[in-house]
Structure formats: structure tokens, C-alpha cells
file upload30.cif (mmCIF, C-alpha atoms)
data_query
#
loop_
_atom_site.group_PDB
_atom_site.id
_atom_site.type_symbol
_atom_site.label_atom_id
_atom_site.label_comp_id
_atom_site.auth_asym_id
_atom_site.auth_seq_id
_atom_site.Cartn_x
_atom_site.Cartn_y
_atom_site.Cartn_z
ATOM 1 C CA MET Q 1 85.690 96.909 54.949
ATOM 2 C CA ALA Q 2 83.319 93.971 54.592
ATOM 3 C CA VAL Q 3 83.858 91.007 56.863
ATOM 4 C CA ASP Q 4 84.482 88.746 53.877
ATOM 5 C CA GLY Q 5 87.361 90.997 52.790
ATOM 6 C CA ILE Q 6 88.891 90.755 56.264
ATOM 7 C CA ALA Q 7 88.491 86.976 56.209
ATOM 8 C CA ALA Q 8 90.222 86.785 52.834
ATOM 9 C CA ALA Q 9 93.082 88.977 54.047
ATOM 10 C CA LEU Q 10 93.579 86.844 57.143
ATOM 11 C CA GLY Q 11 93.345 83.583 55.233
ATOM 12 C CA ASP Q 12 97.102 83.368 54.765
ATOM 13 C CA ALA Q 13 99.549 82.098 57.377
ATOM 14 C CA ALA Q 14 102.137 84.800 56.663
ATOM 15 C CA ARG Q 15 99.599 87.624 56.943
ATOM 16 C CA TRP Q 16 98.185 86.118 60.112
ATOM 17 C CA ARG Q 17 101.686 86.137 61.616
ATOM 18 C CA LEU Q 18 102.100 89.786 60.642
ATOM 19 C CA VAL Q 19 98.840 90.621 62.410
ATOM 20 C CA GLU Q 20 100.044 88.801 65.532
ATOM 21 C CA LEU Q 21 103.259 90.824 65.550
ATOM 22 C CA LEU Q 22 101.473 94.111 64.923
ATOM 23 C CA ALA Q 23 99.050 93.372 67.748
ATOM 24 C CA GLU Q 24 102.013 93.800 70.119
ATOM 25 C CA ARG Q 25 103.046 97.218 68.764
ATOM 26 C CA PRO Q 26 103.549 99.130 65.485
ATOM 27 C CA ARG Q 27 106.547 97.867 63.528
ATOM 28 C CA SER Q 28 108.529 98.786 60.436
ATOM 29 C CA VAL Q 29 108.606 96.689 57.277
ATOM 30 C CA GLY Q 30 112.223 95.773 57.930
ATOM 31 C CA GLU Q 31 111.504 94.606 61.459
ATOM 32 C CA LEU Q 32 108.521 92.550 60.324
ATOM 33 C CA ALA Q 33 110.544 90.944 57.540
ATOM 34 C CA GLU Q 34 113.274 90.023 60.009
ATOM 35 C CA LEU Q 35 110.840 88.521 62.525
ATOM 36 C CA THR Q 36 108.916 86.484 59.942
ATOM 37 C CA GLY Q 37 111.820 85.398 57.770
ATOM 38 C CA LEU Q 38 110.193 86.894 54.694
ATOM 39 C CA ARG Q 39 111.923 89.104 52.175
ATOM 40 C CA GLN Q 40 111.008 92.779 52.399
ATOM 41 C CA PRO Q 41 109.145 92.835 49.038
ATOM 42 C CA GLN Q 42 107.031 89.889 50.194
ATOM 43 C CA THR Q 43 106.376 91.567 53.519
ATOM 44 C CA SER Q 44 105.370 94.820 51.823
ATOM 45 C CA LYS Q 45 102.958 92.961 49.527
ATOM 46 C CA HIS Q 46 101.287 91.212 52.462
ATOM 47 C CA LEU Q 47 101.020 94.490 54.356
ATOM 48 C CA GLN Q 48 99.394 96.147 51.364
ATOM 49 C CA THR Q 49 96.775 93.397 51.319
ATOM 50 C CA LEU Q 50 96.100 93.932 55.019
ATOM 51 C CA ALA Q 51 95.893 97.682 54.457
ATOM 52 C CA ARG Q 52 93.323 97.277 51.650
ATOM 53 C CA ALA Q 53 91.233 95.217 54.074
ATOM 54 C CA GLY Q 54 91.409 98.074 56.570
ATOM 55 C CA LEU Q 55 93.348 96.009 59.078
ATOM 56 C CA VAL Q 56 96.517 98.107 59.163
ATOM 57 C CA THR Q 57 97.484 101.737 58.690
ATOM 58 C CA VAL Q 58 100.854 102.828 57.338
ATOM 59 C CA PHE Q 59 102.784 105.791 58.780
ATOM 60 C CA PRO Q 60 105.593 107.087 56.539
ATOM 61 C CA LEU Q 61 108.364 108.283 58.869
ATOM 62 C CA GLY Q 62 111.041 109.701 56.620
ATOM 63 C CA GLN Q 63 112.421 106.739 54.689
ATOM 64 C CA ARG Q 64 110.850 104.269 57.095
ATOM 65 C CA ARG Q 65 107.316 102.929 56.816
ATOM 66 C CA VAL Q 66 105.746 101.871 60.078
ATOM 67 C CA TYR Q 67 102.566 99.799 60.163
ATOM 68 C CA ALA Q 68 100.013 99.779 62.980
ATOM 69 C CA LEU Q 69 97.129 97.373 63.496
ATOM 70 C CA GLU Q 70 93.541 98.683 63.608
ATOM 71 C CA SER Q 71 91.371 97.173 66.340
ATOM 72 C CA GLU Q 72 87.937 98.140 64.996
ATOM 73 C CA PRO Q 73 87.832 95.817 61.955
ATOM 74 C CA LEU Q 74 89.247 92.989 64.078
ATOM 75 C CA ALA Q 75 86.511 93.557 66.640
ATOM 76 C CA ALA Q 76 83.879 93.500 63.885
ATOM 77 C CA PHE Q 77 85.342 90.267 62.519
ATOM 78 C CA ALA Q 78 85.447 88.732 66.001
ATOM 79 C CA GLY Q 79 81.826 89.747 66.525
ATOM 80 C CA ARG Q 80 80.777 88.038 63.307
ATOM 81 C CA LEU Q 81 82.634 84.884 64.300
ATOM 82 C CA ALA Q 82 80.898 84.976 67.683
ATOM 83 C CA GLU Q 83 77.514 85.234 65.910
ATOM 84 C CA LEU Q 84 78.376 82.222 63.754
ATOM 85 C CA ALA Q 85 79.481 80.235 66.799
ATOM 86 C CA LYS Q 86 76.229 81.113 68.579
ATOM 87 C CA ALA Q 87 74.141 80.095 65.562
ATOM 88 C CA THR Q 88 76.063 76.832 65.255
ATOM 89 C CA GLU Q 89 75.481 76.081 68.914
ATOM 90 C CA ALA Q 90 71.773 76.865 68.573
ATOM 91 C CA HIS Q 91 71.486 74.343 65.727
ATOM 92 C CA GLN Q 92 73.661 71.686 67.327
ATOM 93 C CA GLY Q 93 70.705 69.325 67.305
ATOM 94 C CA GLU Q 94 70.652 69.289 63.505
ATOM 95 C CA ARG Q 95 74.345 68.426 63.413
ATOM 96 C CA ASP Q 96 73.672 65.608 65.865
ATOM 97 C CA VAL Q 97 70.969 64.277 63.539
ATOM 98 C CA VAL Q 98 73.502 64.107 60.706
ATOM 99 C CA ALA Q 99 76.013 62.350 62.954
ATOM 100 C CA ARG Q 100 73.425 59.768 64.031
ATOM 101 C CA TYR Q 101 72.410 59.239 60.412
ATOM 102 C CA ARG Q 102 76.032 58.682 59.437
ATOM 103 C CA ALA Q 103 76.380 56.055 62.165
ATOM 104 C CA ALA Q 104 73.144 54.396 61.053
ATOM 105 C CA VAL Q 105 74.303 54.312 57.413
ATOM 106 C CA ASP Q 106 77.534 52.599 58.468
ATOM 107 C CA ALA Q 107 75.624 50.016 60.506
ATOM 108 C CA GLU Q 108 73.059 49.291 57.798
ATOM 109 C CA SER Q 109 75.704 49.122 55.071
ATOM 110 C CA ALA Q 110 77.543 46.475 57.091
ATOM 111 C CA ALA Q 111 74.312 44.468 57.471
ATOM 112 C CA ALA Q 112 73.200 44.785 53.822
ATOM 113 C CA ASP Q 113 74.998 41.729 52.506
ATOM 114 C CA ARG Q 114 72.143 40.450 50.312
ATOM 115 C CA ASP Q 115 68.805 41.524 48.879
ATOM 116 C CA LEU Q 116 65.784 41.357 51.234
ATOM 117 C CA TRP Q 117 68.203 41.924 54.149
ATOM 118 C CA ALA Q 118 65.878 44.397 55.915
ATOM 119 C CA ASP Q 119 62.542 42.826 55.013
ATOM 120 C CA GLY Q 120 60.126 42.876 57.918
ATOM 121 C CA ARG Q 121 61.771 45.856 59.605
ATOM 122 C CA GLU Q 122 59.093 47.903 61.376
ATOM 123 C CA PHE Q 123 58.905 51.507 62.570
ATOM 124 C CA ALA Q 124 56.263 53.321 64.619
ATOM 125 C CA PHE Q 125 55.651 57.045 64.984
ATOM 126 C CA GLU Q 126 53.204 59.030 67.071
ATOM 127 C CA ARG Q 127 52.250 62.676 67.391
ATOM 128 C CA LEU Q 128 49.647 64.602 69.356
ATOM 129 C CA LEU Q 129 48.311 67.390 67.152
ATOM 130 C CA ALA Q 130 46.306 70.274 68.583
ATOM 131 C CA VAL Q 131 43.873 70.413 65.643
ATOM 132 C CA PRO Q 132 40.698 68.490 64.687
ATOM 133 C CA ARG Q 133 41.016 65.076 63.082
ATOM 134 C CA ASP Q 134 39.336 66.085 59.829
ATOM 135 C CA LEU Q 135 41.957 68.814 59.306
ATOM 136 C CA VAL Q 136 44.777 66.311 59.749
ATOM 137 C CA TRP Q 137 43.015 63.973 57.319
ATOM 138 C CA ARG Q 138 42.832 66.729 54.705
ATOM 139 C CA HIS Q 139 46.557 67.351 55.083
ATOM 140 C CA TRP Q 140 47.136 63.714 54.147
ATOM 141 C CA THR Q 141 44.688 63.496 51.247
ATOM 142 C CA ASP Q 142 44.515 66.946 49.627
ATOM 143 C CA PRO Q 143 47.468 67.129 47.186
ATOM 144 C CA ALA Q 144 48.135 70.827 47.818
ATOM 145 C CA LEU Q 145 48.101 70.389 51.592
ATOM 146 C CA LEU Q 146 50.107 67.168 51.351
ATOM 147 C CA ALA Q 147 52.806 68.967 49.376
ATOM 148 C CA SER Q 148 53.104 71.575 52.141
ATOM 149 C CA TRP Q 149 54.665 69.122 54.603
ATOM 150 C CA TRP Q 150 55.425 65.648 53.189
ATOM 151 C CA VAL Q 151 59.189 66.182 52.943
ATOM 152 C CA PRO Q 152 61.716 67.836 55.271
ATOM 153 C CA PRO Q 153 61.827 71.644 54.827
ATOM 154 C CA SER Q 154 65.170 71.445 52.980
ATOM 155 C CA MET Q 155 63.607 69.492 50.089
ATOM 156 C CA THR Q 156 61.077 70.330 47.372
ATOM 157 C CA VAL Q 157 58.059 68.195 46.490
ATOM 158 C CA THR Q 158 57.709 67.659 42.741
ATOM 159 C CA ALA Q 159 54.732 65.273 42.854
ATOM 160 C CA CYS Q 160 52.562 63.853 45.605
ATOM 161 C CA VAL Q 161 49.165 62.237 45.853
ATOM 162 C CA LEU Q 162 47.320 59.897 48.192
ATOM 163 C CA GLU Q 163 43.918 59.154 46.686
ATOM 164 C CA PRO Q 164 41.703 58.251 49.670
ATOM 165 C CA ARG Q 165 40.049 55.140 48.225
ATOM 166 C CA PRO Q 166 41.090 51.496 47.904
ATOM 167 C CA GLY Q 167 43.145 51.180 44.738
ATOM 168 C CA GLY Q 168 43.845 54.909 44.638
ATOM 169 C CA ARG Q 169 47.251 56.136 43.563
ATOM 170 C CA ALA Q 170 50.044 56.854 46.026
ATOM 171 C CA VAL Q 171 52.893 58.957 44.653
ATOM 172 C CA LEU Q 172 55.735 60.860 46.263
ATOM 173 C CA ALA Q 173 58.540 62.577 44.369
ATOM 174 C CA TYR Q 174 60.901 65.225 45.642
ATOM 175 C CA ARG Q 175 64.296 66.683 44.963
ATOM 176 C CA ASP Q 176 67.098 68.516 46.664
ATOM 177 C CA ALA Q 177 70.436 69.862 45.492
ATOM 178 C CA ASP Q 178 71.919 66.351 45.413
ATOM 179 C CA GLY Q 179 69.313 64.425 43.471
ATOM 180 C CA GLU Q 180 65.763 63.189 43.078
ATOM 181 C CA TYR Q 181 63.629 60.618 44.871
ATOM 182 C CA HIS Q 182 60.576 58.853 43.472
ATOM 183 C CA ALA Q 183 58.148 56.350 44.970
ATOM 184 C CA GLU Q 184 54.745 55.171 43.881
ATOM 185 C CA GLY Q 185 52.157 52.577 44.789
ATOM 186 C CA TRP Q 186 48.561 52.126 45.840
ATOM 187 C CA VAL Q 187 46.173 52.876 48.667
ATOM 188 C CA ARG Q 188 45.078 49.662 50.395
ATOM 189 C CA LEU Q 189 42.483 51.060 52.768
ATOM 190 C CA ALA Q 190 40.788 54.414 53.301
ATOM 191 C CA ALA Q 191 38.252 55.119 56.027
ATOM 192 C CA GLU Q 192 37.710 58.870 56.314
ATOM 193 C CA PRO Q 193 38.766 60.501 58.579
ATOM 194 C CA GLY Q 194 40.479 57.881 60.714
ATOM 195 C CA ARG Q 195 42.425 55.283 58.729
ATOM 196 C CA LEU Q 196 44.634 55.266 55.656
ATOM 197 C CA ALA Q 197 46.867 52.396 54.559
ATOM 198 C CA PHE Q 198 49.076 52.592 51.497
ATOM 199 C CA ASP Q 199 52.205 51.151 49.889
ATOM 200 C CA LEU Q 200 55.060 53.108 48.318
ATOM 201 C CA ALA Q 201 57.726 51.388 46.252
ATOM 202 C CA VAL Q 202 60.931 53.394 45.891
ATOM 203 C CA THR Q 203 62.360 53.097 42.403
ATOM 204 C CA GLY Q 204 65.968 53.086 41.288
ATOM 205 C CA GLU Q 205 69.088 51.287 42.493
ATOM 206 C CA ALA Q 206 68.234 51.845 46.172
ATOM 207 C CA SER Q 207 64.780 50.304 45.925
ATOM 208 C CA PHE Q 208 62.505 49.023 48.665
ATOM 209 C CA THR Q 209 58.796 49.050 49.460
ATOM 210 C CA GLY Q 210 57.233 50.734 52.475
ATOM 211 C CA HIS Q 211 53.852 49.599 53.781
ATOM 212 C CA TYR Q 212 52.231 52.432 55.739
ATOM 213 C CA ASP Q 213 49.316 52.327 58.155
ATOM 214 C CA LEU Q 214 48.009 55.697 59.380
ATOM 215 C CA GLU Q 215 45.545 55.989 62.262
ATOM 216 C CA LEU Q 216 43.986 59.272 63.365
ATOM 217 C CA ALA Q 217 42.042 59.334 66.621
ATOM 218 C CA SER Q 218 40.171 62.247 68.162
ATOM 219 C CA VAL Q 219 41.412 62.955 71.685
ATOM 220 C CA PRO Q 220 40.798 65.832 74.101
ATOM 221 C CA GLY Q 221 42.477 68.886 72.628
ATOM 222 C CA GLY Q 222 43.102 67.505 69.169
ATOM 223 C CA THR Q 223 44.224 64.392 67.308
ATOM 224 C CA ARG Q 224 46.506 61.493 68.061
ATOM 225 C CA LEU Q 225 48.406 60.410 64.957
ATOM 226 C CA ARG Q 226 49.965 56.969 64.770
ATOM 227 C CA LEU Q 227 51.916 55.844 61.746
ATOM 228 C CA GLY Q 228 53.233 52.331 61.301
ATOM 229 C CA LEU Q 229 55.765 51.411 58.627
ATOM 230 C CA ARG Q 230 56.923 47.958 57.533
ATOM 231 C CA VAL Q 231 59.666 47.481 54.948
ATOM 232 C CA THR Q 232 59.873 44.766 52.279
ATOM 233 C CA ALA Q 233 61.664 44.133 48.976
ATOM 234 C CA THR Q 234 64.859 45.755 50.223
ATOM 235 C CA THR Q 235 67.873 45.780 47.948
ATOM 236 C CA VAL Q 236 71.506 45.997 49.022
ATOM 237 C CA GLY Q 237 71.655 49.498 47.555
ATOM 238 C CA ALA Q 238 68.892 50.703 49.886
ATOM 239 C CA ALA Q 239 71.095 50.658 53.006
ATOM 240 C CA ALA Q 240 71.365 54.454 53.267
ATOM 241 C CA ALA Q 241 67.635 54.906 52.637
ATOM 242 C CA ILE Q 242 66.684 52.348 55.294
ATOM 243 C CA ALA Q 243 69.098 53.991 57.724
ATOM 244 C CA GLY Q 244 67.358 57.320 57.193
ATOM 245 C CA LEU Q 245 63.746 56.169 57.496
ATOM 246 C CA GLU Q 246 63.332 56.824 61.209
ATOM 247 C CA THR Q 247 65.107 60.180 61.179
ATOM 248 C CA GLY Q 248 63.398 61.202 57.949
ATOM 249 C CA TRP Q 249 59.878 60.434 59.129
ATOM 250 C CA ASP Q 250 60.534 62.157 62.443
ATOM 251 C CA GLN Q 251 61.525 65.279 60.501
ATOM 252 C CA VAL Q 252 58.525 65.000 58.170
ATOM 253 C CA LEU Q 253 56.029 64.595 61.013
ATOM 254 C CA ASP Q 254 57.646 67.501 62.848
ATOM 255 C CA HIS Q 255 57.142 69.471 59.639
ATOM 256 C CA LEU Q 256 53.462 68.466 59.582
ATOM 257 C CA THR Q 257 53.132 69.553 63.218
ATOM 258 C CA ASP Q 258 54.657 72.951 62.396
ATOM 259 C CA VAL Q 259 52.419 73.444 59.353
ATOM 260 C CA LEU Q 260 49.284 72.595 61.321
ATOM 261 C CA THR Q 261 50.331 74.801 64.219
ATOM 262 C CA GLU Q 262 51.036 77.761 61.942
ATOM 263 C CA GLY Q 263 47.719 77.243 60.163
ATOM 264 C CA LYS Q 264 45.909 77.208 63.493
ATOM 265 C CA GLY Q 265 47.547 80.484 64.455
#

call {"tool": "encode", "arguments": {"input": "upload30.cif", "output": "C-alpha cells"}}
result
Amino acid sequence: MAVDGIAAALGDAARWRLVELLAERPRSVGELAELTGLRQPQTSKHLQTLARAGLVTVFPLGQRRVYALESEPLAAFAGRLAELAKATEAHQGERDVVARYRAAVDAESAAADRDLWADGREFAFERLLAVPRDLVWRHWTDPALLASWWVPPSMTVTACVLEPRPGGRAVLAYRDADGEYHAEGWVRLAAEPGRLAFDLAVTGEASFTGHYDLELASVPGGTRLRLGLRVTATTVGAAAAIAGLETGWDQVLDHLTDVLTEGKG
């Protein structure tokens, strides 16, 4: 029996109690009904469900029907639960990110009492990338390469461009299962392959403008990336977006690091 069938069978308090009683020893329908306080027809129906899931076996003994619990499907179910617990533990860091983001949203929402409330807020990010500077530059300015990393892996890019010239277009649009995000603006400065400055204005109710300054420096073994971000034109509705900027860019730059590392390999 599939694990999901076992889970469904055990997802009832009365059936769970029957399993607990049968784990002690085989019992008759009458005894189980007496111990659980259920009527015999109800008890029989629950036992039939457990039997279909492979959890119990019935032994007709004359006019009595005795049920015994099977350990193998329970062991398989326990093993699957152990695998899920192990996977959850291995990804605890991602849960912690969500918890920190939730705390940040609460704090920013409390502070967002008027428009322009977060204007002047600054963020700084840095990465050491074990690839040449010109390759990193291409991943910022080639639309196909840019689309391979510019959002967290759980999201899908629908449009992106950073035209590496003053006055060039800057566009980022992506979506996930919960909605869409769109920002656009202009490139302020482009000096290949070391400097790129651009502005992105987020549209919609949660609008704000991000002013980005990217510096790429050749260092022994690769490239040092530094990204500065200053926020202006913040609206009250942008509290959640502002709260997620630091976490979001950390995830995006980690994504870039992974893409470059995989490409190198």
C-alpha cells in the first residue's frame, strides 16, 4: 500500500486509537468497540479502512473477527516520515530565512507611516567569484545570461535587460505562483567591464526606486563583485518589498555564484 494511503487511513483520531490498541495485541471488534466507546458498526467500518490500507489483517474465528496490526506498512510509513524530517532539517536555513523576512516585514510595516519613509536607505553586497571579470560582466549585460540568475531559483524571469550604455534600458520582470513583479528604468553609467550603474523603479501599489551601483574588480583567482543599493520614492505599500531587499539580493547573488560555478565546471 502506498504511503499516502496509509497516511489517509491514519488521519482520523478514532482509527489512530484503534491502531494504538492493536499495537498491544490482536483484538476482536467487540473489544475494540468497548475500549474506544464506538458502536460496533462504526468500529467495523474504521477497521475496514485500515485493512484496505494494509495496516491490519482480519482473522475470522468462528463468529468472532479478530484484527491484528501489521508492522511492515507502519515501518515503511515511519521511514518516510524520518526522510521528511531529515530533509526538513537539512533545509532549516531556508525556513530561517522566511522567519527573518517575516520579522523584517513586521518591523518595516510598523515604520511605514508615510510615503518616502525609507528614502535614503542603503544596502551593500559583496561576492568573490572564481571566474574572470569579463565573464561576470557578460552575465550582467547579456539578456540570456542575465535571465539565468537575476531572480531566486523559485521564480521565473519574464523580461530582463540591462543595456550597457548611458541611457540604456533597465528592465526586470518576473513571476511566481503568487503574482508578478515589474521594474524598469535606465542605465546611468557603463564602463565595460568594471562599472555599471542603473535605476529600477518598481511599479504598482508597492512602488519604490532602487539606485544600483555595480563594481567588478579583478583580483587573484577571480573577481570581486560589489553592489551598492540606495532606495528612494518609497510608498507605504512598499514595506514588504523593502523588508525583503537584503534577503532577496543575497539569494540572487548566491544564484549568480552558483550559475558561474556550474558554468566553470

call {"tool": "axis_aligned_box", "arguments": {"input": "upload30.cif", "around": "region 88-99 of chain Q", "padding_each_side": "6 Å", "output": "lines of an AutoDock Vina configuration file"}}
result
center_x = 73.4
center_y = 69.6
center_z = 64.8
size_x = 17.4
size_y = 26.5
size_z = 20.2

call {"tool": "closest_residue", "arguments": {"input": "upload30.cif", "among": "Q:Arg27, Q:Arg226, Q:His182, Q:Arg127", "to": "Leu47 (chain Q)", "atoms": "only C-alpha atoms"}}
result
Q:Arg27

call {"tool": "residues_around", "arguments": {"input": "upload30.cif", "residues": "Leu81 (chain Q)", "least_positions_apart": "4", "cutoff": "12 Å", "atoms": "all atoms listed in the file", "output": "list of chain:residue names"}}
result
Q:Val3, Q:Asp4, Q:Ile6, Q:Ala7, Q:Leu74, Q:Ala75, Q:Ala76, Q:Phe77, Q:Ala85, Q:Lys86, Q:Ala87, Q:Thr88

call {"tool": "closest_residue", "arguments": {"input": "upload30.cif", "among": "Q:Ala197, Q:Ala144, Q:Ala68, Q:Leu21", "to": "Glu215 (chain Q)", "atoms": "all atoms listed in the file"}}
result
Q:Ala197

call {"tool": "resolve_selection", "arguments": {"input": "upload30.cif", "expression": "the PyMOL selection byres ((chain Q and resi 199-209) around 7)", "output": "PyMOL selection string"}}
result
chain Q and resi 170+182-187+198+210-212+231-235+237-238

call {"tool": "atom_distance", "arguments": {"input": "upload30.cif", "atom1": "CA of Ser148 (chain Q)", "atom2": "CA of Val259 (chain Q)"}}
result
7.5 Å

call {"tool": "atom_distance", "arguments": {"input": "upload30.cif", "atom1": "CA of Glu31 (chain Q)", "atom2": "CA of Leu18 (chain Q)"}}
result
10.6 Å

call {"tool": "resolve_selection", "arguments": {"input": "upload30.cif", "expression": "the PyMOL selection byres ((chain Q and resi 52) around 12)", "output": "ChimeraX atom specification"}}
result
/Q:1-2,5-6,8-10,45-51,53-58,73

call {"tool": "residues_near_point", "arguments": {"input": "upload30.cif", "point": "(48.4, 61.2, 65.1)", "cutoff": "9 Å", "atoms": "only C-alpha atoms", "output": "number ranges by chain"}}
result
Q: 125-129, 133, 136, 214-218, 223-227

call {"tool": "resolve_selection", "arguments": {"input": "upload30.cif", "expression": "the PyMOL selection byres ((chain Q and resi 105) around 8)", "output": "MDAnalysis selection string"}}
result
chainID Q and resid 101:104 106:109 239:240 243:244

call {"tool": "build_atoms", "arguments": {"input": "upload30.cif", "residues": "region 112-128 of chain Q", "atoms": "N, CA and C atoms", "output": "short mmCIF file (atom, residue, chain, number, x, y, z; two decimals), in the frame of the given file"}}
result
data_model
loop_
_atom_site.label_atom_id
_atom_site.label_comp_id
_atom_site.auth_asym_id
_atom_site.auth_seq_id
_atom_site.Cartn_x
_atom_site.Cartn_y
_atom_site.Cartn_z
N ALA Q 112 73.82 45.00 55.13
CA ALA Q 112 73.20 44.78 53.82
C ALA Q 112 74.08 43.92 52.94
N ASP Q 113 74.13 42.64 53.26
CA ASP Q 113 75.00 41.73 52.51
C ASP Q 113 74.26 40.95 51.42
N ARG Q 114 72.94 41.16 51.31
CA ARG Q 114 72.14 40.45 50.31
C ARG Q 114 70.82 41.19 50.16
N ASP Q 115 70.13 40.95 49.05
CA ASP Q 115 68.81 41.52 48.88
C ASP Q 115 67.84 40.95 49.93
N LEU Q 116 66.81 41.71 50.24
CA LEU Q 116 65.78 41.36 51.23
C LEU Q 116 66.34 41.38 52.66
N TRP Q 117 67.53 41.96 52.85
CA TRP Q 117 68.20 41.92 54.15
C TRP Q 117 67.42 42.64 55.25
N ALA Q 118 66.62 43.65 54.89
CA ALA Q 118 65.88 44.40 55.92
C ALA Q 118 64.39 44.12 55.88
N ASP Q 119 63.96 43.11 55.12
CA ASP Q 119 62.54 42.83 55.01
C ASP Q 119 61.95 42.51 56.39
N GLY Q 120 60.78 43.08 56.64
CA GLY Q 120 60.13 42.88 57.92
C GLY Q 120 60.48 43.92 58.96
N ARG Q 121 61.42 44.79 58.67
CA ARG Q 121 61.77 45.86 59.60
C ARG Q 121 60.55 46.75 59.82
N GLU Q 122 60.26 47.10 61.07
CA GLU Q 122 59.09 47.90 61.38
C GLU Q 122 59.47 49.16 62.15
N PHE Q 123 58.72 50.23 61.89
CA PHE Q 123 58.90 51.51 62.57
C PHE Q 123 57.54 52.00 63.03
N ALA Q 124 57.52 52.76 64.11
CA ALA Q 124 56.26 53.32 64.62
C ALA Q 124 56.49 54.77 65.04
N PHE Q 125 55.55 55.62 64.68
CA PHE Q 125 55.65 57.04 64.98
C PHE Q 125 54.33 57.52 65.59
N GLU Q 126 54.41 58.50 66.45
CA GLU Q 126 53.20 59.03 67.07
C GLU Q 126 53.36 60.52 67.31
N ARG Q 127 52.27 61.25 67.10
CA ARG Q 127 52.25 62.68 67.39
C ARG Q 127 50.89 63.04 67.98
N LEU Q 128 50.88 64.00 68.88
CA LEU Q 128 49.65 64.60 69.36
C LEU Q 128 49.54 65.98 68.71
#
